[in-house]
Amino acid sequence: MTPDILIVFSILAVAAILFSTNRLRSDIVAMLVLLALLLSNTLSVTEAFAGFSDPTVMIVIAMFIVSEAIVFTGIAASLGDLILKYGGTSELHLMVIIMLVVAGVGAFMSSTATVAIFIPITLVVAEKANLNHRRLLMPLSIGALISGMMTLIATTPNLIVNNALSQKGLDGLSFFSFSPFGIVTLLAAILFMGIVGRGLLSRDKNSVQGQKKLTIRQLLVSYGLLDKTHRVRINKGSPLIDRAVARMQLREHYGLQLTAIERKVNGEEVIFKASPGTVIERGDILYFLGENDNCWAMAQDLQGIQLSIHVSEKKRKQLLQAMGAVEVMLTPHSSLLGKSLTDLKFQSRFNGLVIGIRRHGNPLTENLATLPLTFGDVLLISSNWDEILRLREHPDDFLVLTLPEDYRDVIPGRGRIPLVLAILSGMVLAMMTGLLPTVTAAVAAAIILILTKCLRLENIYHIISWQAVVLIAGILPLATALNKTGAASLLSGMMISTMGTLAPVIMLGCIFIITSLIGLFISNTATAVLIAPIAIDVALALGIQPQAFAMTVAIACSAAYATPISSPVNLLVQHPGEYSFLDFVQVGLPLQLITMFCTVGLAWAIFL
């Protein structure tokens with residue numbers, strides 16, 4: 001074993017420890033790996049930074065844009081309606097439909113993005129059907145993970161494995177070559193969850209406490225805020241006239257929070273968000289949240305008149321267009337933990353007003369500004385819908401948990417659904433037929449979506465998860481280092497000497513198990529980078545079709561069911577589903593074995 005190989009193995013070991021302990025973000029670990037390869041002279045500068053020019057990175061970026069178009073046009077929300085329409089109130093029917101729909105949608109976009117979109121949809125479905133959401137959220141995450149087995153672009157490890165084949169001058173995997181594996185695994189998983197899996201999660205089939213409300217009105221009721229909403233007209237002579245909202249200090253003096261303003265513009269009444277820089281004019285009608293006595297005192301002191309909170313349907317829709325509400329849940333590694341809303345300058349930082357906090361299931365609506373935030377806090381935020389959607393750009397800090405169904409009335413891109421579906425169909429067709437290279441088709445689809453305004457231009461750089469991009473670009477050079485130093489050849493030689501006498505089917509099973517075990521501790525992207533080249537070398541050395549081994553590695557990377565840290569998908573559903581580590585183990589390990597048998601059997605039948 002040469003010094004260079006020892007250096008690469010040392011870097012790999014330290015990276016595995018850092019990935020598994022979650023002490024550092026995965027993208028930081030990837031950059032540390034890249035830096036270590038540079039400082040040790042294992043790779044040249046060009047080799048180390050080659051990952052940023054890899055086609056895989058551009059495909060991932062393009063798929064984030066595709067995902068945003070699916071959300072912006074309301075396709076995801078429409079799928080939620082269809083789930084309820086065809087699933088009714090049967091838990092089994094709903095579970096099957098959720099898994100099928102999520103696996104189908106996730107075949108063409110990030111599984112993490114897919115599960116983030118469908119968590120609030122599943123919670124709504126569970127409440128409307130009066131079902132236990134714990135028995136639906138785990139199947140949701142399983143369906144999202146299996147979606148990574150459906151197509152070439154469904155998840156990053158598929159692209160990395162395909163890239164590993166191309167680098168060795170071998171035929172790559174086609175766009176739908178993954179589909180038989182994904183479909184068979186999905187059907188097996190649905191059967192398992194329908195017969196056994198749901199019972200392992202919870203025996204209670206009824207809805208549990210803490211279900212999320214469906215409309216803004218219901219959200220206000222759940223926080224005890226409905227009877228604290230007020231409308232006040234500002235009369236001539238009020239000291240509030242010509243004063244900016246930020247200078248009014250109504251919360252400090254009266255305990256009131258200004259949420260929206262109604263004003264007559266060019267003879268028409270319009271309602272808009274009360275931003276800190278908005279200047280109050282005579283005749284404005286202000287919408288407040290607070291105690292009735294405080295609002296009455298404010299109106300008396302500042303020459304205002306309290307009006308009925310009941311408004312016409314037209315004004316109600318205007319108010320919904322201008323002001324939305326959403327629940328977000330703080331994540332375990334949120335930078336907001338331990339700080340108050342005042343310390344964070346939350347309203348100016350996120351352009352949203354926190355009007356309630358739910359802690360341990362109990363709503364809090366007073367002294368919110370000075371209350372230190374803790375993990376698991378659910379914040380009820382009021383803002384306009386554009387800003388509410390931008391909250392999804394902060395996945396490290398919080399998860400958008402409950403997007404009210406009122407949003408369906410204000411989806412800006414609903415009219416472009418046919419166009420988006422046509423563009424996606426063209427992209428898939430180009431990839432499937434080989435008319436265009438995968439990266440060209442993905443980038444072309446993303447650019448066409450942007451040019452046809454199927455998503456907001458100003459959102460593009462915010463919707464891309466640069467953490468995922470840096471992780472991929474930073475970890476890809478590790479494969480180069482393994483090959484350059486001979487470490488990959490050494491590992492493949494060890495595997496050949498150990499498994500060389502085994503039957504090909506048994507070898508495929510061993511490859512699946514090794515990949516799955518490594519995937520328990522490090523990201524599936526890093527696992528694919530490490531294992532794919534070695535598995536391909538083993539296949540070539542033994543005269544076995546390398547595509548069989550490559551496919552087995554790709555599927556094993558997606559089959560990350562067994563622990564909450566195996567995949568971001570599992571982490572996202574863990575808290576809303578109130579799952580323990582043991583829940584993932586009980587459900588995940590049998591599914592891991594089922595997936596292994598399906599994968600090995602299909603790989604033998606198709607490739608060998």
# chains A, B, ... in the order shown; residues from 1 in each chain; ligands from 1
$ residues_around --residues "Ile518 of chain A" --least-positions-apart "2" --cutoff "12 Å" --atoms "only C-alpha atoms" --output "MDAnalysis selection string"
chainID A and resid 12:13 16:17 19:20 511:516 520:531 553 556:557 559:560 566
$ write_last_selection --atoms "N, CA, C and O atoms" --output "short mmCIF file (atom, residue, chain, number, x, y, z; two decimals), in the first residue's frame"
data_model
loop_
_atom_site.label_atom_id
_atom_site.label_comp_id
_atom_site.auth_asym_id
_atom_site.auth_seq_id
_atom_site.Cartn_x
_atom_site.Cartn_y
_atom_site.Cartn_z
N LEU A 12 -10.82 9.63 3.26
CA LEU A 12 -12.11 8.96 3.15
C LEU A 12 -12.67 8.60 4.54
O LEU A 12 -13.86 8.80 4.81
N ALA A 13 -11.82 8.10 5.42
CA ALA A 13 -12.26 7.71 6.77
C ALA A 13 -12.74 8.92 7.57
O ALA A 13 -13.79 8.88 8.22
N ALA A 16 -16.04 10.08 6.22
CA ALA A 16 -17.13 9.19 6.63
C ALA A 16 -17.57 9.50 8.06
O ALA A 16 -18.77 9.53 8.36
N ILE A 17 -16.59 9.76 8.94
CA ILE A 17 -16.91 10.10 10.33
C ILE A 17 -17.69 11.42 10.40
O ILE A 17 -18.70 11.55 11.10
N PHE A 19 -19.44 12.84 7.98
CA PHE A 19 -20.78 12.66 7.39
C PHE A 19 -21.72 11.99 8.39
O PHE A 19 -22.88 12.40 8.53
N SER A 20 -21.24 10.97 9.07
CA SER A 20 -22.12 10.18 9.93
C SER A 20 -22.49 10.90 11.23
O SER A 20 -23.56 10.68 11.78
N ILE A 511 -22.70 -6.81 -3.19
CA ILE A 511 -22.52 -5.41 -3.58
C ILE A 511 -23.64 -4.55 -3.01
O ILE A 511 -23.41 -3.44 -2.50
N PHE A 512 -24.87 -5.06 -3.06
CA PHE A 512 -26.02 -4.32 -2.53
C PHE A 512 -25.84 -4.11 -1.02
O PHE A 512 -26.07 -3.00 -0.51
N ILE A 513 -25.47 -5.15 -0.30
CA ILE A 513 -25.31 -5.06 1.15
C ILE A 513 -24.21 -4.07 1.52
O ILE A 513 -24.38 -3.23 2.40
N ILE A 514 -23.07 -4.15 0.83
CA ILE A 514 -21.94 -3.24 1.12
C ILE A 514 -22.36 -1.79 0.88
O ILE A 514 -22.11 -0.91 1.71
N THR A 515 -23.01 -1.56 -0.25
CA THR A 515 -23.46 -0.19 -0.57
C THR A 515 -24.46 0.30 0.47
O THR A 515 -24.38 1.46 0.93
N SER A 516 -25.40 -0.55 0.86
CA SER A 516 -26.42 -0.16 1.84
C SER A 516 -25.80 0.16 3.19
O SER A 516 -26.19 1.13 3.86
N LEU A 520 -25.65 3.90 5.29
CA LEU A 520 -26.22 4.19 6.61
C LEU A 520 -25.46 5.30 7.31
O LEU A 520 -25.99 5.95 8.22
N PHE A 521 -24.22 5.53 6.89
CA PHE A 521 -23.36 6.45 7.63
C PHE A 521 -22.94 7.67 6.83
O PHE A 521 -22.58 8.69 7.43
N ILE A 522 -22.93 7.57 5.51
CA ILE A 522 -22.56 8.74 4.72
C ILE A 522 -23.65 8.98 3.67
O ILE A 522 -24.49 8.12 3.43
N SER A 523 -23.63 10.13 3.04
CA SER A 523 -24.66 10.47 2.07
C SER A 523 -24.66 9.51 0.89
O SER A 523 -23.62 8.92 0.56
N ASN A 524 -25.83 9.35 0.27
CA ASN A 524 -25.89 8.42 -0.86
C ASN A 524 -25.08 8.92 -2.05
O ASN A 524 -24.61 8.12 -2.87
N THR A 525 -24.89 10.24 -2.16
CA THR A 525 -24.03 10.79 -3.21
C THR A 525 -22.59 10.32 -3.03
O THR A 525 -21.95 9.85 -3.96
N ALA A 526 -22.08 10.47 -1.80
CA ALA A 526 -20.72 10.05 -1.51
C ALA A 526 -20.57 8.53 -1.65
O ALA A 526 -19.54 8.03 -2.12
N THR A 527 -21.61 7.80 -1.27
CA THR A 527 -21.58 6.34 -1.40
C THR A 527 -21.44 5.93 -2.86
O THR A 527 -20.64 5.05 -3.21
N ALA A 528 -22.20 6.59 -3.73
CA ALA A 528 -22.13 6.28 -5.17
C ALA A 528 -20.76 6.59 -5.74
O ALA A 528 -20.20 5.82 -6.52
N VAL A 529 -20.20 7.73 -5.33
CA VAL A 529 -18.86 8.12 -5.81
C VAL A 529 -17.82 7.07 -5.40
O VAL A 529 -16.92 6.72 -6.18
N LEU A 530 -17.95 6.56 -4.20
CA LEU A 530 -16.98 5.60 -3.68
C LEU A 530 -17.14 4.20 -4.28
O LEU A 530 -16.17 3.58 -4.72
N ILE A 531 -18.36 3.69 -4.31
CA ILE A 531 -18.59 2.28 -4.63
C ILE A 531 -18.70 2.01 -6.13
O ILE A 531 -18.22 0.97 -6.62
N VAL A 553 -25.64 -0.88 -7.48
CA VAL A 553 -25.13 0.21 -6.63
C VAL A 553 -26.11 1.37 -6.61
O VAL A 553 -26.43 1.92 -5.54
N ALA A 556 -29.24 0.48 -4.56
CA ALA A 556 -28.90 0.38 -3.13
C ALA A 556 -28.72 1.77 -2.51
O ALA A 556 -29.05 1.98 -1.34
N CYS A 557 -28.19 2.72 -3.29
CA CYS A 557 -28.02 4.08 -2.77
C CYS A 557 -29.36 4.74 -2.46
O CYS A 557 -29.48 5.53 -1.53
N ALA A 559 -32.10 3.05 -1.62
CA ALA A 559 -32.83 2.25 -0.63
C ALA A 559 -32.38 2.59 0.79
O ALA A 559 -32.01 1.72 1.56
N ALA A 560 -32.47 3.87 1.13
CA ALA A 560 -31.97 4.35 2.44
C ALA A 560 -33.11 4.47 3.43
O ALA A 560 -33.43 5.54 3.93
N SER A 566 -30.18 8.41 7.15
CA SER A 566 -29.75 7.82 5.88
C SER A 566 -30.00 8.75 4.71
O SER A 566 -29.29 8.71 3.71
#
$ residues_around --residues "Lys228 of chain A" --least-positions-apart "4" --cutoff "7 Å" --atoms "only C-alpha atoms" --output "list of chain:residue names"
A:Leu289, A:Gly290, A:Glu291, A:Asn292
$ write_last_selection --atoms "C-alpha atoms" --output "PDB file, in the first residue's frame"
ATOM      1  CA  LEU A 289     -54.228  41.182  15.507  1.00  0.00           C
ATOM      2  CA  GLY A 290     -54.550  41.729  19.258  1.00  0.00           C
ATOM      3  CA  GLU A 291     -56.862  41.959  22.251  1.00  0.00           C
ATOM      4  CA  ASN A 292     -60.170  43.736  21.700  1.00  0.00           C
TER       5      ASN A 292
END
$ residues_around --residues "segment 414-425 of chain A" --least-positions-apart "6" --cutoff "7 Å" --atoms "only C-alpha atoms" --output "list in words"
Thr73, Gly74, Ile75, Ala445 and Cys454 of chain A
$ atom_distance --atom1 "atom CA of Lys339 of chain A" --atom2 "atom CA of Pro564 of chain A"
26.5 Å
$ residues_around --residues "Trp604 of chain A" --least-positions-apart "2" --cutoff "10 Å" --atoms "only C-alpha atoms" --output "ChimeraX atom specification"
/A:504-505,508,545,548-549,599-602,606-608
$ write_last_selection --atoms "C-alpha atoms" --output "PDB file, in the first residue's frame"
ATOM      1  CA  PRO A 504     -22.835 -13.682  -9.948  1.00  0.00           C
ATOM      2  CA  VAL A 505     -26.200 -13.473  -8.177  1.00  0.00           C
ATOM      3  CA  LEU A 508     -24.754  -8.766  -6.691  1.00  0.00           C
ATOM      4  CA  GLN A 545     -21.598  -7.291 -17.470  1.00  0.00           C
ATOM      5  CA  ALA A 548     -25.580  -5.123 -13.629  1.00  0.00           C
ATOM      6  CA  PHE A 549     -23.208  -4.083 -10.846  1.00  0.00           C
ATOM      7  CA  THR A 599     -32.838  -5.696  -7.415  1.00  0.00           C
ATOM      8  CA  VAL A 600     -30.660  -8.783  -7.562  1.00  0.00           C
ATOM      9  CA  GLY A 601     -33.371 -10.818  -9.289  1.00  0.00           C
ATOM     10  CA  LEU A 602     -34.031  -8.148 -11.922  1.00  0.00           C
ATOM     11  CA  ILE A 606     -32.059  -8.215 -17.411  1.00  0.00           C
ATOM     12  CA  PHE A 607     -28.262  -8.000 -17.573  1.00  0.00           C
ATOM     13  CA  LEU A 608     -26.878 -11.459 -16.834  1.00  0.00           C
TER      14      LEU A 608
END
$ select_by_dssp --residues "segment 15-143 of chain A" --states "helix (DSSP H, G or I)" --output "VMD selection string"
chain A and resid 15 to 21 26 to 39 45 to 48 50 to 53 55 to 72 75 to 87 91 to 106 111 to 128 134 to 143
